[in-house]
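Student: Below you'll find the structure I mean.
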Amino acid sequence: MFAVGASLVGVGATNTANLAGTQVADANSALTAVPPTLTEVGAQVVAAQERADSANTQVADANTQLAGVDPTLTAVSEAVRQGEDRIESLRLAAEAVNILNEQSGNSETATLLGIRALRTAYTTQADAALVRAVDRPHTRQTFSGHTNYVTSVAFSPDGRFVLTGSLDDTARLWDAASGDEVRIFSGHTSLVTSAAFSPDGHFVLTGSQDTTARLWDAASGDEVRIFSGHNGSVESVAFSPDGRFVLTGSQDITARLWDAAYRDFTAYACTRVFRDLMPEERTQFGIADDAPTCPQFAPLVTSPQNADALVESALLALLNPHAKPGANQYPSTNGRRSRGIRTVQEHKFITGSR
């Protein structure tokens, strides 16, 4: 009612201003039609001036009345805007609550709606909806692409990638931030049960029901090594903290420790042989160079005098693969070499080899 009254006052003031303007125009017309008689002209000028002054006074009064109307209209407009904002806040809060009432509702979407509701206008409903949405756990990323159950997950050491193993016989690498599939590690012939990153993030290790564990290059996806020897499904895999060894656990009720690096493995393999390739074997297999296959076979046997030293070196390497070449590794008794040396059979028993 107040706004309507203010509007009527404004209309009246405007009409008064218009009337005053008309009177000013009439006065100007009268001045134009004055005959050239000075006395009459003077009287008409005075009368016209009075009418003009009266009209100006009425215009000033009208402007004063109009100036008082503006703040009232502004307050009404602001009240209308606040009411519209409150209605929008309540609408958004209701949408958020509807999502939260669904069993599979996206709590992240509900949170965003709650934030918008509160930023539009504060309402207790919007406040309550946002609190409820924030309290529900949020799924930050979904990694979709496997065609069967996911059995194992792991983060890369730097946290940039996610590794998954699945019953679809593959392991997959994902971008943790975007959820995009980066690489597929394919080669197992049965389901992948376990997956792990090397400590430096350069390699991926997987275990499978095909009784093997496999080492992969994380950057290229290439298969680097296959660890074969278990008689049952490989259920668990892990790297040692320094990345030098691989540990596997199997349904064959054993766990096994392996050299992770290819070169470390060849060094270990050299401790299991007692001779290098013979000349006829080199010819047979197309080996043109005469370089020793293992370090302990250098130099090659050229005379009976160094044959005994070569055999002794090979035995020492077998018994202690970490010994420095040329060092005396025999236990001593009273300054004399011990006459007892472990047999190959004893060494196998000690190391657990079969």
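For the structure tokens, the naming scheme is as follows: chains receive sequential letters (A, B, ...) according to their order of presentation, residues are indexed from 1 within each chain, and ligands are indexed from 1 in presentation order.
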Residues at most 10 Å from stretch 158-160 of chain A, counting only C-alpha atoms, excluding those fewer than 5 positions away in the same chain, as JSON, numbers by chain?

Tutor: {"A": [174, 175, 176, 177, 178, 199, 200, 201]}

Student: Among stretch 210-301 of chain A, which ones does DSSP place in helix (DSSP H, G or I), written as a list in words?

Tutor: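 Matching residues, listed in order: Tyr262, Arg263, Asp264, Phe265, Thr266, Ala267, Tyr268, Ala269, Cys270, Pro279, Glu280, Glu281, Arg282, Thr283, Gln284, Pro295, Gln296 and Phe297 of chain A.
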
Student: May I have the residues from that selection written out with all heavy atoms, as a short mmCIF file (atom, residue, chain, number, x, y, z; two decimals), in the first residue's frame?

Tutor:
```
data_model
loop_
_atom_site.label_atom_id
_atom_site.label_comp_id
_atom_site.auth_asym_id
_atom_site.auth_seq_id
_atom_site.Cartn_x
_atom_site.Cartn_y
_atom_site.Cartn_z
N TYR A 262 67.32 -58.40 -13.91
CA TYR A 262 67.80 -59.44 -14.82
C TYR A 262 69.28 -59.69 -14.61
O TYR A 262 69.73 -60.84 -14.57
CB TYR A 262 67.52 -59.01 -16.27
CG TYR A 262 68.05 -59.97 -17.30
CD1 TYR A 262 67.40 -61.17 -17.56
CD2 TYR A 262 69.22 -59.70 -17.99
CE1 TYR A 262 67.87 -62.06 -18.50
CE2 TYR A 262 69.72 -60.58 -18.93
CZ TYR A 262 69.04 -61.76 -19.19
OH TYR A 262 69.54 -62.64 -20.11
N ARG A 263 70.07 -58.62 -14.47
CA ARG A 263 71.52 -58.81 -14.30
C ARG A 263 71.84 -59.48 -12.96
O ARG A 263 72.76 -60.29 -12.87
CB ARG A 263 72.22 -57.46 -14.42
CG ARG A 263 72.15 -56.88 -15.82
CD ARG A 263 73.00 -55.62 -15.95
NE ARG A 263 72.92 -55.09 -17.29
CZ ARG A 263 73.66 -55.52 -18.32
NH1 ARG A 263 74.52 -56.50 -18.13
NH2 ARG A 263 73.54 -54.97 -19.51
N ASP A 264 71.10 -59.14 -11.92
CA ASP A 264 71.33 -59.82 -10.65
C ASP A 264 71.03 -61.31 -10.78
O ASP A 264 71.72 -62.15 -10.19
CB ASP A 264 70.44 -59.22 -9.55
CG ASP A 264 70.91 -57.83 -9.14
OD1 ASP A 264 72.05 -57.48 -9.50
OD2 ASP A 264 70.15 -57.13 -8.47
N PHE A 265 70.03 -61.63 -11.55
CA PHE A 265 69.67 -63.03 -11.72
C PHE A 265 70.74 -63.78 -12.49
O PHE A 265 71.06 -64.91 -12.17
CB PHE A 265 68.32 -63.12 -12.45
CG PHE A 265 67.83 -64.53 -12.60
CD1 PHE A 265 67.44 -65.27 -11.50
CD2 PHE A 265 67.76 -65.10 -13.85
CE1 PHE A 265 66.99 -66.56 -11.63
CE2 PHE A 265 67.32 -66.41 -14.00
CZ PHE A 265 66.92 -67.14 -12.89
N THR A 266 71.32 -63.16 -13.52
CA THR A 266 72.39 -63.84 -14.27
C THR A 266 73.62 -64.03 -13.39
O THR A 266 74.33 -65.05 -13.50
CB THR A 266 72.77 -63.06 -15.53
OG1 THR A 266 73.20 -61.74 -15.17
CG2 THR A 266 71.59 -62.96 -16.48
N ALA A 267 73.88 -63.06 -12.49
CA ALA A 267 75.01 -63.23 -11.57
C ALA A 267 74.78 -64.43 -10.65
O ALA A 267 75.69 -65.21 -10.37
CB ALA A 267 75.21 -61.96 -10.75
N TYR A 268 73.53 -64.56 -10.19
CA TYR A 268 73.21 -65.72 -9.36
C TYR A 268 73.32 -67.01 -10.16
O TYR A 268 73.86 -68.02 -9.67
CB TYR A 268 71.80 -65.58 -8.81
CG TYR A 268 71.28 -66.82 -8.13
CD1 TYR A 268 71.77 -67.22 -6.89
CD2 TYR A 268 70.31 -67.62 -8.75
CE1 TYR A 268 71.31 -68.37 -6.28
CE2 TYR A 268 69.85 -68.78 -8.15
CZ TYR A 268 70.35 -69.15 -6.91
OH TYR A 268 69.90 -70.30 -6.32
N ALA A 269 72.87 -66.98 -11.41
CA ALA A 269 72.93 -68.18 -12.25
C ALA A 269 74.37 -68.62 -12.48
O ALA A 269 74.65 -69.83 -12.60
CB ALA A 269 72.23 -67.93 -13.58
N CYS A 270 75.28 -67.66 -12.53
CA CYS A 270 76.69 -68.01 -12.74
C CYS A 270 77.25 -68.82 -11.58
O CYS A 270 78.25 -69.54 -11.73
CB CYS A 270 77.52 -66.74 -12.95
SG CYS A 270 77.42 -66.07 -14.63
N PRO A 279 84.64 -74.99 -26.79
CA PRO A 279 84.81 -74.46 -28.15
C PRO A 279 83.81 -75.04 -29.15
O PRO A 279 83.26 -74.31 -29.98
CB PRO A 279 86.24 -74.84 -28.49
CG PRO A 279 86.94 -74.88 -27.18
CD PRO A 279 85.94 -75.43 -26.22
N GLU A 280 83.58 -76.36 -29.07
CA GLU A 280 82.64 -76.97 -30.02
C GLU A 280 81.21 -76.48 -29.78
O GLU A 280 80.41 -76.38 -30.71
CB GLU A 280 82.71 -78.50 -29.95
CG GLU A 280 82.42 -79.10 -28.59
CD GLU A 280 83.68 -79.27 -27.75
OE1 GLU A 280 84.68 -78.55 -28.01
OE2 GLU A 280 83.68 -80.13 -26.85
N GLU A 281 80.87 -76.14 -28.52
CA GLU A 281 79.54 -75.62 -28.22
C GLU A 281 79.38 -74.19 -28.76
O GLU A 281 78.31 -73.82 -29.26
CB GLU A 281 79.29 -75.64 -26.71
CG GLU A 281 79.13 -77.03 -26.14
CD GLU A 281 79.03 -77.04 -24.63
OE1 GLU A 281 79.77 -76.26 -23.99
OE2 GLU A 281 78.20 -77.81 -24.11
N ARG A 282 80.44 -73.42 -28.67
CA ARG A 282 80.40 -72.07 -29.23
C ARG A 282 80.17 -72.13 -30.74
O ARG A 282 79.41 -71.34 -31.30
CB ARG A 282 81.69 -71.32 -28.91
CG ARG A 282 81.83 -70.97 -27.43
CD ARG A 282 83.19 -70.34 -27.13
NE ARG A 282 83.31 -70.03 -25.71
CZ ARG A 282 83.03 -68.84 -25.18
NH1 ARG A 282 82.62 -67.85 -25.95
NH2 ARG A 282 83.17 -68.64 -23.88
N THR A 283 80.86 -73.09 -31.37
CA THR A 283 80.67 -73.25 -32.82
C THR A 283 79.25 -73.72 -33.12
O THR A 283 78.60 -73.21 -34.03
CB THR A 283 81.68 -74.28 -33.36
OG1 THR A 283 83.01 -73.81 -33.10
CG2 THR A 283 81.50 -74.46 -34.86
N GLN A 284 78.77 -74.67 -32.33
CA GLN A 284 77.44 -75.23 -32.56
C GLN A 284 76.35 -74.17 -32.44
O GLN A 284 75.40 -74.14 -33.24
CB GLN A 284 77.17 -76.36 -31.56
CG GLN A 284 75.78 -76.95 -31.67
CD GLN A 284 75.51 -77.98 -30.59
OE1 GLN A 284 76.43 -78.37 -29.83
NE2 GLN A 284 74.27 -78.45 -30.51
N PRO A 295 81.97 -64.31 -15.01
CA PRO A 295 83.25 -63.70 -14.61
C PRO A 295 84.27 -64.70 -14.09
O PRO A 295 85.48 -64.52 -14.33
CB PRO A 295 82.84 -62.71 -13.52
CG PRO A 295 81.41 -62.40 -13.79
CD PRO A 295 80.83 -63.65 -14.33
N GLN A 296 83.81 -65.76 -13.41
CA GLN A 296 84.77 -66.68 -12.81
C GLN A 296 85.50 -67.54 -13.84
O GLN A 296 86.45 -68.24 -13.51
CB GLN A 296 84.08 -67.60 -11.79
CG GLN A 296 83.09 -68.59 -12.36
CD GLN A 296 81.67 -68.07 -12.31
OE1 GLN A 296 81.47 -66.86 -12.38
NE2 GLN A 296 80.70 -68.98 -12.20
N PHE A 297 85.05 -67.45 -15.10
CA PHE A 297 85.70 -68.24 -16.15
C PHE A 297 86.73 -67.44 -16.92
O PHE A 297 87.22 -67.87 -17.97
CB PHE A 297 84.65 -68.81 -17.12
CG PHE A 297 83.63 -69.68 -16.46
CD1 PHE A 297 82.29 -69.56 -16.77
CD2 PHE A 297 84.01 -70.59 -15.49
CE1 PHE A 297 81.35 -70.36 -16.15
CE2 PHE A 297 83.07 -71.40 -14.86
CZ PHE A 297 81.73 -71.28 -15.19
#
```

Student: Find the residues around A:Ile184 up to 7 Å (only C-alpha atoms counted), leave out those fewer than 6 positions away in its own chain, and share them as a list in words.

Tutor: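 The filter keeps Thr170, Ala171, Arg172, Leu173 and Gly221 of chain A.
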
Student: Write the residues of the preceding selection, restricted to C-alpha atoms, as a compact mmCIF listing (two decimals), in the first residue's frame.

Tutor:
```txt
# COMPACT_ATOMS: atom_id res chain seq x y z
CA THR A 170 44.83 -58.21 -17.09
CA ALA A 171 46.36 -55.51 -14.95
CA ARG A 172 45.75 -51.89 -15.89
CA LEU A 173 47.41 -48.54 -15.23
CA GLY A 221 53.83 -52.06 -20.83
```

Student: Could you state the separation of atom CA of A:Val273 and atom CA of A:Val246 in Å, given to one decimal place?

Tutor: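 If I compute the distance from atom CA of A:Val273 to atom CA of A:Val246, I get 23.2 Å.
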
Student: Between A:Ala260, A:Ile115, A:Leu73, A:Ile226, which has the minimum distance to A:Val131 (counting only C-alpha atoms)?

Tutor: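 Ranked by minimum distance to A:Val131, first place goes to A:Ile115.
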
Student: Quick check, in Å to one decimal: how far apart do atom CA of A:Ala195 and atom CA of A:Arg140 lie?

Tutor: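 If I compute the distance from atom CA of A:Ala195 to atom CA of A:Arg140, I get 22.0 Å.
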
Student: For A:Ser190, work out the shell of residues within 8 Å, counting only C-alpha atoms and skipping chain neighbours fewer than 4 positions away, then give it as a count of residues only.

Tutor: 6
